[in-house]
>>> print(open('coords24.txt').read())   # compact mmCIF, C-alpha atoms
# COMPACT_ATOMS: atom_id res chain seq x y z
CA MET A 26 -288.61 54.05 -75.47
CA ARG A 27 -286.68 56.00 -78.12
CA TYR A 28 -283.40 55.41 -76.20
CA LEU A 29 -284.15 51.68 -75.93
CA PHE A 30 -284.89 51.49 -79.67
CA LEU A 31 -281.63 53.25 -80.53
CA PHE A 32 -279.72 51.07 -78.04
CA LEU A 33 -281.07 47.82 -79.51
CA SER A 34 -280.56 49.07 -83.08
CA PHE A 35 -276.93 49.86 -82.30
CA HIS A 36 -276.30 46.39 -80.90
CA LEU A 37 -277.99 44.61 -83.80
CA SER A 38 -275.88 46.67 -86.20
CA ALA A 39 -272.69 45.87 -84.28
CA LEU A 40 -273.56 42.20 -84.18
CA ILE A 41 -274.03 41.80 -87.93
CA THR A 42 -271.26 44.14 -89.10
CA PRO A 43 -268.75 41.90 -90.94
CA THR A 44 -265.58 41.63 -88.88
CA TYR A 45 -262.23 40.01 -89.57
CA PHE A 46 -260.64 38.70 -86.41
CA PRO A 47 -256.87 38.32 -85.87
CA LEU A 48 -257.05 34.54 -85.93
CA THR A 49 -253.88 32.46 -85.77
CA ASN A 50 -252.89 28.94 -86.77
CA ASP A 51 -251.40 28.18 -83.34
CA PRO A 52 -251.68 24.48 -82.44
CA ILE A 53 -255.02 23.61 -80.86
CA ASP A 54 -255.32 22.81 -77.17
CA ILE A 55 -258.05 20.30 -76.30
CA VAL A 56 -260.27 20.92 -73.27
CA ILE A 57 -262.52 18.08 -72.08
CA PRO A 58 -264.95 18.82 -69.24
CA CYS A 59 -265.71 15.55 -67.49
CA ALA A 60 -268.24 14.58 -64.85
CA PRO A 61 -268.17 11.22 -63.05
CA LYS A 62 -270.85 9.79 -65.36
CA ASP A 63 -268.50 10.05 -68.36
CA VAL A 64 -265.31 8.67 -66.82
CA SER A 65 -265.89 5.36 -68.61
CA THR A 66 -265.42 7.00 -72.03
CA LEU A 67 -262.83 9.62 -71.09
CA ASN A 68 -259.69 7.65 -71.98
CA ARG A 69 -261.19 6.48 -75.27
CA CYS A 70 -261.99 10.10 -76.07
CA ILE A 71 -258.45 11.23 -75.22
CA HIS A 72 -256.86 8.43 -77.22
CA SER A 73 -259.00 9.12 -80.28
CA ILE A 74 -258.38 12.88 -80.41
CA ARG A 75 -254.65 12.34 -79.88
CA LYS A 76 -254.60 9.79 -82.71
CA TYR A 77 -256.83 11.54 -85.23
CA GLY A 78 -256.87 15.25 -84.35
CA GLN A 79 -254.80 17.46 -86.65
CA HIS A 80 -252.55 20.25 -85.36
CA ILE A 81 -253.14 19.29 -81.71
CA ASN A 82 -250.97 20.30 -78.75
CA ARG A 83 -252.13 19.95 -75.11
CA ILE A 84 -255.04 17.83 -73.87
CA ILE A 85 -256.61 19.11 -70.65
CA VAL A 86 -259.36 17.51 -68.58
CA LEU A 87 -261.60 19.84 -66.54
CA SER A 88 -263.05 18.12 -63.50
CA SER A 89 -263.46 18.40 -59.75
CA THR A 90 -260.93 15.61 -59.11
CA PHE A 91 -258.03 13.98 -60.94
CA LEU A 92 -259.49 11.39 -63.33
CA THR A 93 -256.77 10.15 -65.68
CA PRO A 94 -252.97 10.11 -66.12
CA ASN A 95 -253.45 10.35 -69.90
CA ALA A 96 -253.98 14.13 -69.99
CA GLU A 97 -253.35 17.27 -67.98
CA TRP A 98 -255.81 18.00 -65.20
CA PHE A 99 -257.21 21.43 -64.42
CA ASP A 100 -259.32 21.81 -61.30
CA GLU A 101 -262.70 23.36 -62.09
CA ALA A 102 -262.63 24.99 -58.64
CA LYS A 103 -260.19 27.53 -60.13
CA PHE A 104 -262.92 29.07 -62.28
CA PRO A 105 -264.42 32.40 -61.10
CA PHE A 106 -267.81 30.84 -60.32
CA SER A 107 -269.26 27.75 -58.67
CA LYS A 108 -272.55 25.93 -59.20
CA ALA A 109 -273.91 27.87 -56.22
CA ASP A 110 -272.81 31.18 -57.76
CA LEU A 111 -274.54 30.34 -61.04
CA ALA A 112 -277.75 29.30 -59.31
CA LEU A 113 -277.85 32.51 -57.27
CA GLU A 114 -277.50 34.61 -60.45
CA ILE A 115 -280.07 32.53 -62.35
CA PHE A 116 -282.58 33.14 -59.54
CA HIS A 117 -281.66 36.85 -59.32
CA GLY A 118 -280.29 36.70 -55.80
CA ASP A 119 -283.08 34.57 -54.29
CA ALA A 120 -280.98 32.30 -52.07
CA ASP A 121 -283.87 30.01 -51.10
CA ALA A 122 -284.85 29.37 -54.72
CA ALA A 123 -281.21 28.87 -55.72
CA ASN A 124 -280.63 26.38 -52.93
CA ALA A 125 -283.81 24.49 -53.78
CA PHE A 126 -282.63 24.23 -57.40
CA LEU A 127 -279.18 23.02 -56.34
CA THR A 128 -280.56 20.31 -54.09
CA THR A 129 -283.40 19.07 -56.30
CA PRO A 130 -282.86 15.49 -57.53
CA LYS A 131 -281.81 15.46 -61.20
CA SER A 132 -281.25 19.23 -61.14
CA ARG A 133 -279.80 20.61 -64.38
CA ILE A 134 -277.17 22.66 -62.55
CA GLY A 135 -274.34 20.30 -63.53
CA TRP A 136 -275.37 20.50 -67.19
CA ILE A 137 -275.54 24.31 -66.96
CA TYR A 138 -272.23 24.51 -65.08
CA GLN A 139 -270.23 22.60 -67.70
CA GLN A 140 -271.41 25.07 -70.34
CA PHE A 141 -269.80 27.93 -68.41
CA LEU A 142 -266.59 25.92 -68.00
CA LYS A 143 -266.44 25.58 -71.78
CA LEU A 144 -267.03 29.28 -72.40
CA TYR A 145 -264.44 30.41 -69.84
CA ALA A 146 -261.65 27.84 -70.35
CA SER A 147 -259.81 30.13 -72.77
CA PHE A 148 -259.58 32.83 -70.09
CA VAL A 149 -258.89 30.73 -67.01
CA ILE A 150 -256.38 28.01 -67.94
CA PRO A 151 -252.81 29.42 -67.91
CA ASP A 152 -250.79 29.52 -71.14
CA ILE A 153 -253.58 28.01 -73.18
CA SER A 154 -253.66 28.36 -76.96
CA PRO A 155 -255.89 31.00 -78.57
CA ASN A 156 -257.41 28.01 -80.38
CA VAL A 157 -259.26 25.76 -77.94
CA LEU A 158 -261.24 22.74 -79.02
CA VAL A 159 -263.83 21.97 -76.37
CA LEU A 160 -264.71 18.31 -76.59
CA ASP A 161 -267.42 16.34 -74.85
CA ALA A 162 -265.97 13.39 -72.94
CA ASP A 163 -268.26 10.88 -74.64
CA VAL A 164 -266.98 11.58 -78.18
CA ILE A 165 -264.79 9.02 -79.95
CA PHE A 166 -263.11 9.94 -83.23
CA LEU A 167 -262.74 7.31 -85.93
CA LYS A 168 -260.66 9.00 -88.64
CA PRO A 169 -258.36 12.03 -89.13
CA ILE A 170 -260.03 15.40 -88.62
CA SER A 171 -259.02 19.06 -88.76
CA PHE A 172 -260.83 21.88 -86.99
CA MET A 173 -259.54 24.98 -88.78
CA THR A 174 -257.99 26.07 -92.05
CA GLU A 175 -254.27 26.69 -92.57
CA THR A 176 -254.89 30.38 -91.81
CA GLY A 177 -256.73 29.64 -88.57
CA GLU A 178 -260.31 30.08 -89.76
CA PRO A 179 -262.73 27.82 -87.83
CA LEU A 180 -264.45 24.80 -89.35
CA PHE A 181 -267.77 24.16 -87.60
CA THR A 182 -269.44 20.76 -87.66
CA PRO A 183 -273.23 21.15 -87.69
CA SER A 184 -276.10 18.97 -86.59
CA ARG A 185 -279.82 19.16 -87.30
CA GLU A 186 -280.90 19.71 -83.69
CA TYR A 187 -283.31 22.54 -82.92
CA TYR A 188 -284.76 23.69 -79.61
CA GLN A 189 -286.52 27.06 -79.55
CA PRO A 190 -285.76 27.98 -75.88
CA TYR A 191 -282.05 28.05 -76.72
CA PHE A 192 -282.67 30.89 -79.13
CA GLU A 193 -285.05 32.69 -76.82
CA HIS A 194 -282.21 32.74 -74.30
CA ALA A 195 -279.70 33.89 -76.93
CA GLU A 196 -282.00 36.74 -78.03
CA SER A 197 -282.45 37.81 -74.42
CA LEU A 198 -278.69 37.74 -73.95
CA LEU A 199 -277.84 39.64 -77.13
CA PRO A 200 -280.72 41.23 -79.06
CA GLY A 201 -280.33 40.20 -82.69
CA LEU A 202 -278.56 36.93 -81.97
CA HIS A 203 -280.59 34.32 -83.81
CA ARG A 204 -280.39 31.03 -85.67
CA VAL A 205 -278.40 31.97 -88.76
CA ASN A 206 -279.14 28.93 -90.91
CA GLU A 207 -282.36 27.00 -90.36
CA GLN A 208 -280.69 23.79 -91.55
CA TYR A 209 -277.90 23.81 -88.99
CA SER A 210 -277.33 23.61 -85.27
CA GLY A 211 -274.00 24.13 -83.54
CA ILE A 212 -274.65 21.23 -81.15
CA ALA A 213 -272.29 18.58 -82.47
CA HIS A 214 -270.43 17.60 -79.26
CA HIS A 215 -267.32 19.67 -79.95
CA MET A 216 -266.58 23.32 -80.75
CA LEU A 217 -263.47 25.28 -81.69
CA PHE A 218 -263.51 28.34 -79.43
CA GLN A 219 -261.09 31.05 -80.57
CA LYS A 220 -260.06 33.77 -78.17
CA PRO A 221 -260.56 36.83 -80.45
CA ILE A 222 -264.14 35.75 -81.21
CA LEU A 223 -264.85 34.91 -77.57
CA GLU A 224 -263.46 38.27 -76.46
CA ASP A 225 -265.77 40.05 -78.89
CA LEU A 226 -268.76 37.99 -77.71
CA PHE A 227 -267.98 38.71 -74.06
CA LYS A 228 -267.42 42.41 -74.78
CA GLN A 229 -270.84 42.72 -76.40
CA ILE A 230 -272.54 40.82 -73.57
CA SER A 231 -270.84 43.01 -70.94
CA PHE A 232 -271.75 46.22 -72.76
CA THR A 233 -275.36 45.16 -73.21
CA HIS A 234 -275.92 44.13 -69.59
CA GLN A 235 -273.28 46.19 -67.76
CA THR A 236 -272.06 43.18 -65.81
CA GLU A 237 -269.72 40.22 -66.13
CA PRO A 238 -270.61 37.87 -69.01
CA TRP A 239 -271.28 34.82 -66.84
CA LYS A 240 -273.70 36.79 -64.69
CA ALA A 241 -275.51 38.17 -67.74
CA ILE A 242 -275.81 34.70 -69.26
CA CYS A 243 -277.32 33.42 -66.02
CA ARG A 244 -279.77 36.29 -65.69
CA ALA A 245 -280.97 35.74 -69.27
CA VAL A 246 -282.23 32.26 -68.36
CA ASP A 247 -286.01 31.91 -68.36
CA LEU A 248 -286.97 30.61 -64.90
CA ASP A 249 -289.89 28.72 -66.42
CA LYS A 250 -287.39 26.63 -68.41
CA VAL A 251 -284.46 26.35 -65.99
CA ARG A 252 -285.44 22.83 -64.91
CA PHE A 253 -285.30 21.65 -68.51
CA ALA A 254 -283.02 22.75 -71.37
CA CYS A 255 -282.68 26.50 -70.90
CA MET A 256 -279.53 27.57 -72.79
CA SER A 257 -276.85 26.34 -75.17
CA GLU A 258 -273.28 27.61 -75.15
CA TYR A 259 -272.65 25.89 -78.49
CA GLU A 260 -275.61 27.63 -80.19
CA ILE A 261 -274.60 31.02 -78.74
CA TYR A 262 -271.02 30.81 -79.98
CA PHE A 263 -271.79 29.06 -83.29
CA ASN A 264 -274.43 31.57 -84.38
CA PHE A 265 -272.51 34.57 -83.05
CA ALA A 266 -269.46 33.56 -85.11
CA LEU A 267 -271.55 33.00 -88.25
CA LEU A 268 -273.27 36.37 -87.83
CA ARG A 269 -270.10 38.24 -86.98
CA THR A 270 -267.49 37.07 -89.48
CA PRO A 271 -267.12 35.50 -92.93
CA GLN A 272 -264.09 33.69 -91.50
CA ALA A 273 -266.41 31.08 -89.94
CA HIS A 274 -267.09 28.05 -92.13
CA ILE A 275 -269.56 25.17 -91.89
CA ARG A 276 -268.47 21.74 -93.05
CA GLU A 277 -270.63 18.67 -92.73
CA LEU A 278 -269.20 15.43 -91.34
CA LYS A 279 -270.63 11.96 -91.00
CA TRP A 280 -271.19 11.30 -87.30
CA ALA A 281 -273.69 9.45 -85.18
CA ASN A 282 -274.98 8.97 -81.65
CA ILE A 283 -274.52 5.36 -80.58
CA THR A 284 -276.01 3.25 -77.80
CA SER A 285 -273.29 0.58 -77.68
CA LEU A 286 -269.51 0.73 -78.04
CA LYS A 287 -269.77 -2.30 -80.31
CA GLU A 288 -271.18 0.02 -82.97
CA ARG A 289 -267.89 1.94 -83.35
CA LYS A 290 -266.32 -0.41 -85.89
CA LYS A 291 -269.49 -0.46 -88.00
CA TYR A 292 -269.48 3.32 -88.28
CA GLN A 293 -265.73 3.43 -88.85
CA LYS A 294 -266.09 1.08 -91.82
CA LYS A 295 -268.81 3.35 -93.20
CA GLY A 296 -266.43 6.32 -93.14
CA TYR A 297 -267.90 8.18 -90.18
CA THR A 298 -265.62 10.75 -88.54
CA TYR A 299 -266.81 10.27 -84.97
CA VAL A 300 -269.48 8.83 -82.71
CA ALA A 301 -270.98 10.10 -79.45
CA TYR A 302 -271.73 7.56 -76.74
CA HIS A 303 -274.07 9.40 -74.36
CA GLU A 304 -274.52 8.12 -70.83
CA TRP A 305 -278.31 8.57 -70.99
CA SER A 306 -278.69 6.32 -74.06
CA ARG A 307 -276.20 3.54 -73.33
CA ILE A 308 -277.33 -0.06 -73.36
CA ASP A 309 -273.93 -1.57 -72.40
>>> encode(input="coords24.txt", output="structure tokens")
Amino acid sequence: MRYLFLFLSFHLSALITPTYFPLTNDPIDIVIPCAPKDVSTLNRCIHSIRKYGQHINRIIVLSSTFLTPNAEWFDEAKFPFSKADLALEIFHGDADAANAFLTTPKSRIGWIYQQFLKLYASFVIPDISPNVLVLDADVIFLKPISFMTETGEPLFTPSREYYQPYFEHAESLLPGLHRVNEQYSGIAHHMLFQKPILEDLFKQISFTHQTEPWKAICRAVDLDKVRFACMSEYEIYFNFALLRTPQAHIRELKWANITSLKERKKYQKKGYTYVAYHEWSRID
């Protein structure tokens, strides 16, 4: 017990020790994971970030098949894990339980899988920038937007979402990782992932669990919650960055979830920066 206490105390201390990362102002590469259900908004998303995103370079779509000529395509099969691999780790090697989860109607495995694609894109895609904006395919920008300062410090857009199981998972993954500001969530449909911060996050996960980060993240999932919302890559990275470095900044933007594309112009006139047009809430 004494060793465990010292071990956890060390990690909590390491997690909250102020750190200055070697961030750069390299142009941002955009990564858009896209499943078939979001193909209808993909080109609008690409067009809007190309038009309004500041300091943008490449735009890359992650998917299982080629979906659009308007951006680069990177095959998700090139990542070091598959949906089956993730399920097997989540269920701690129980192949029958993993297979049952994979084949269950409306399984959350696709939703879980895209989170791992986002976390690993900076390490898998060749020649990618150290500054990677991961963008949900159903987001449409309406006015100019920047995602970092001139010195490369990240600007995080918050929301007001809160779901306790996300933080139970984060605490299981890294003891001491918690919701930093009770007003803010990191779930705002895009996130600037920067390689030095990601490397530090992955290093701490690997040291804590003595295994590869993706496996540790899977094993930290509560099996009682795996069929619902069991983890959040955005909350993990957002709160880790805020805990770890004063270089991370929160800035509020006006944005909204919409149910019809006809609402875009209304929100644009009101000065909103972007809207999110989720497949599950669409009426047109």
>>> closest_residue(input="coords24.txt", among="A:Thr182, A:Asn206, A:Ser231, A:Thr236", to="Glu277 in chain A", atoms="only C-alpha atoms")
A:Thr182
>>> closest_atom_pairs(input="coords24.txt", of="range 69-149 of chain A", to="range 39-62 of chain A", cutoff="8 Å", atoms="all atoms listed in the file", output="tab-separated table")
residue	atom	partner	partner_atom	distance
A:His80	CA	A:Pro52	CA	5.2
A:Ile81	CA	A:Ile53	CA	4.8
A:Asn82	CA	A:Asp54	CA	5.3
A:Arg83	CA	A:Asp54	CA	4.8
A:Ile84	CA	A:Ile55	CA	4.6
A:Ile85	CA	A:Val56	CA	4.9
A:Val86	CA	A:Ile57	CA	4.7
A:Leu87	CA	A:Pro58	CA	4.4
A:Ser88	CA	A:Cys59	CA	5.4
A:Ser89	CA	A:Ala60	CA	8.0
A:Gln139	CA	A:Pro58	CA	6.7
A:Leu142	CA	A:Pro58	CA	7.4
A:Lys143	CA	A:Pro58	CA	7.4
A:Ala146	CA	A:Val56	CA	7.6
>>> closest_residue(input="coords24.txt", among="A:Val205, A:Val246, A:Ile153, A:Leu217", to="Thr174 in chain A", atoms="only C-alpha atoms")
A:Leu217
>>> atom_distance(input="coords24.txt", atom1="CA of Ile71 in chain A", atom2="CA of Lys295 in chain A")
22.2 Å
>>> atom_distance(input="coords24.txt", atom1="CA of Lys240 in chain A", atom2="CA of Glu260 in chain A")
18.1 Å
>>> residues_near_point(input="coords24.txt", point="(-279.3, 21.7, -91.5)", cutoff="8 Å", atoms="all atoms listed in the file", output="list in words")
Pro183, Ser184, Arg185, Asn206, Glu207, Gln208, Tyr209 and Ser210 of chain A
>>> closest_atom_pairs(input="coords24.txt", of="range 117-216 of chain A", to="range 225-229 of chain A", cutoff="12 Å", atoms="only C-alpha atoms", output="JSON lines")
{"residue": "A:Leu144", "atom": "CA", "partner": "A:Phe227", "partner_atom": "CA", "distance": 9.6}
{"residue": "A:Tyr145", "atom": "CA", "partner": "A:Phe227", "partner_atom": "CA", "distance": 10.0}
{"residue": "A:Ser147", "atom": "CA", "partner": "A:Phe227", "partner_atom": "CA", "distance": 11.9}
{"residue": "A:Phe148", "atom": "CA", "partner": "A:Phe227", "partner_atom": "CA", "distance": 11.0}
{"residue": "A:Ala195", "atom": "CA", "partner": "A:Leu226", "partner_atom": "CA", "distance": 11.7}
{"residue": "A:Leu198", "atom": "CA", "partner": "A:Gln229", "partner_atom": "CA", "distance": 9.6}
{"residue": "A:Leu199", "atom": "CA", "partner": "A:Gln229", "partner_atom": "CA", "distance": 7.7}
{"residue": "A:Pro200", "atom": "CA", "partner": "A:Gln229", "partner_atom": "CA", "distance": 10.3}
{"residue": "A:Gly201", "atom": "CA", "partner": "A:Gln229", "partner_atom": "CA", "distance": 11.7}
{"residue": "A:Leu202", "atom": "CA", "partner": "A:Leu226", "partner_atom": "CA", "distance": 10.7}
>>> closest_residue(input="coords24.txt", among="A:Gln272, A:Ile261, A:Tyr191, A:Asp309", to="Glu288 in chain A", atoms="all atoms listed in the file")
A:Asp309
>>> residues_near_point(input="coords24.txt", point="(-287.0, 30.8, -77.4)", cutoff="12 Å", atoms="all atoms listed in the file", output="ChimeraX atom specification")
/A:187-198,202-204,245-247,249-250,254-257
>>> residues_around(input="coords24.txt", residues="Phe91 in chain A", least_positions_apart="6", cutoff="9 Å", atoms="all atoms listed in the file", output="JSON, numbers by chain")
{"A": [98, 99, 100]}
>>> closest_residue(input="coords24.txt", among="A:Ile230, A:His214, A:Gln235, A:Ala123", to="Ile165 in chain A", atoms="only C-alpha atoms")
A:His214
>>> closest_residue(input="coords24.txt", among="A:Tyr138, A:Asn282, A:Arg75, A:Asp161", to="Asp63 in chain A", atoms="only C-alpha atoms")
A:Asp161
>>> residues_around(input="coords24.txt", residues="Leu278 in chain A", least_positions_apart="6", cutoff="12 Å", atoms="only C-alpha atoms", output="ChimeraX atom specification")
/A:166-172,180-185,213,296-300
>>> closest_residue(input="coords24.txt", among="A:Gln79, A:Asp119, A:Val149, A:Lys103", to="Glu175 in chain A", atoms="only C-alpha atoms")
A:Gln79
>>> decode(input="coords24.txt", residues="range 101-155 of chain A", atoms="C-alpha atoms", output="mmCIF file, in the first residue's frame")
data_model
loop_
_atom_site.group_PDB
_atom_site.id
_atom_site.type_symbol
_atom_site.label_atom_id
_atom_site.label_comp_id
_atom_site.auth_asym_id
_atom_site.auth_seq_id
_atom_site.Cartn_x
_atom_site.Cartn_y
_atom_site.Cartn_z
ATOM 1 C CA GLU A 101 -7.708 4.485 -41.386
ATOM 2 C CA ALA A 102 -6.543 0.898 -41.941
ATOM 3 C CA LYS A 103 -2.976 2.223 -41.622
ATOM 4 C CA PHE A 104 -3.437 2.924 -37.914
ATOM 5 C CA PRO A 105 -1.880 0.433 -35.449
ATOM 6 C CA PHE A 106 -5.264 -0.824 -34.243
ATOM 7 C CA SER A 107 -8.640 -1.849 -35.642
ATOM 8 C CA LYS A 108 -12.106 -1.813 -34.112
ATOM 9 C CA ALA A 109 -11.606 -5.489 -33.277
ATOM 10 C CA ASP A 110 -8.287 -4.733 -31.546
ATOM 11 C CA LEU A 111 -9.901 -2.016 -29.434
ATOM 12 C CA ALA A 112 -12.814 -4.239 -28.456
ATOM 13 C CA LEU A 113 -10.489 -7.057 -27.410
ATOM 14 C CA GLU A 114 -8.521 -4.684 -25.149
ATOM 15 C CA ILE A 115 -11.676 -3.111 -23.711
ATOM 16 C CA PHE A 116 -12.914 -6.582 -22.740
ATOM 17 C CA HIS A 117 -9.488 -7.602 -21.386
ATOM 18 C CA GLY A 118 -8.874 -10.353 -23.905
ATOM 19 C CA ASP A 119 -12.345 -11.926 -23.751
ATOM 20 C CA ALA A 120 -12.849 -12.661 -27.451
ATOM 21 C CA ASP A 121 -16.493 -13.723 -27.096
ATOM 22 C CA ALA A 122 -17.465 -10.534 -25.262
ATOM 23 C CA ALA A 123 -15.492 -8.406 -27.715
ATOM 24 C CA ASN A 124 -17.158 -10.042 -30.705
ATOM 25 C CA ALA A 125 -20.603 -9.653 -29.151
ATOM 26 C CA PHE A 126 -19.905 -5.938 -28.644
ATOM 27 C CA LEU A 127 -18.682 -5.524 -32.216
ATOM 28 C CA THR A 128 -21.746 -7.189 -33.709
ATOM 29 C CA THR A 129 -24.419 -5.662 -31.472
ATOM 30 C CA PRO A 130 -26.776 -3.331 -33.370
ATOM 31 C CA LYS A 131 -25.988 0.319 -32.616
ATOM 32 C CA SER A 132 -22.729 -0.667 -30.902
ATOM 33 C CA ARG A 133 -20.615 2.308 -29.809
ATOM 34 C CA ILE A 134 -17.426 0.819 -31.285
ATOM 35 C CA GLY A 135 -17.411 3.243 -34.226
ATOM 36 C CA TRP A 136 -17.763 6.204 -31.865
ATOM 37 C CA ILE A 137 -14.940 4.832 -29.684
ATOM 38 C CA TYR A 138 -12.761 4.043 -32.710
ATOM 39 C CA GLN A 139 -12.851 7.579 -34.122
ATOM 40 C CA GLN A 140 -11.590 8.909 -30.792
ATOM 41 C CA PHE A 141 -8.448 6.793 -31.123
ATOM 42 C CA LEU A 142 -7.968 7.957 -34.718
ATOM 43 C CA LYS A 143 -7.980 11.539 -33.445
ATOM 44 C CA LEU A 144 -5.480 10.842 -30.677
ATOM 45 C CA TYR A 145 -3.065 8.950 -32.940
ATOM 46 C CA ALA A 146 -3.252 10.995 -36.170
ATOM 47 C CA SER A 147 -0.215 13.076 -35.182
ATOM 48 C CA PHE A 148 1.898 9.911 -34.924
ATOM 49 C CA VAL A 149 0.594 7.929 -37.887
ATOM 50 C CA ILE A 150 0.139 10.318 -40.829
ATOM 51 C CA PRO A 151 3.492 10.932 -42.582
ATOM 52 C CA ASP A 152 4.984 14.438 -42.627
ATOM 53 C CA ILE A 153 2.125 15.914 -40.652
ATOM 54 C CA SER A 154 2.497 19.222 -38.829
ATOM 55 C CA PRO A 155 3.181 19.249 -35.076
#
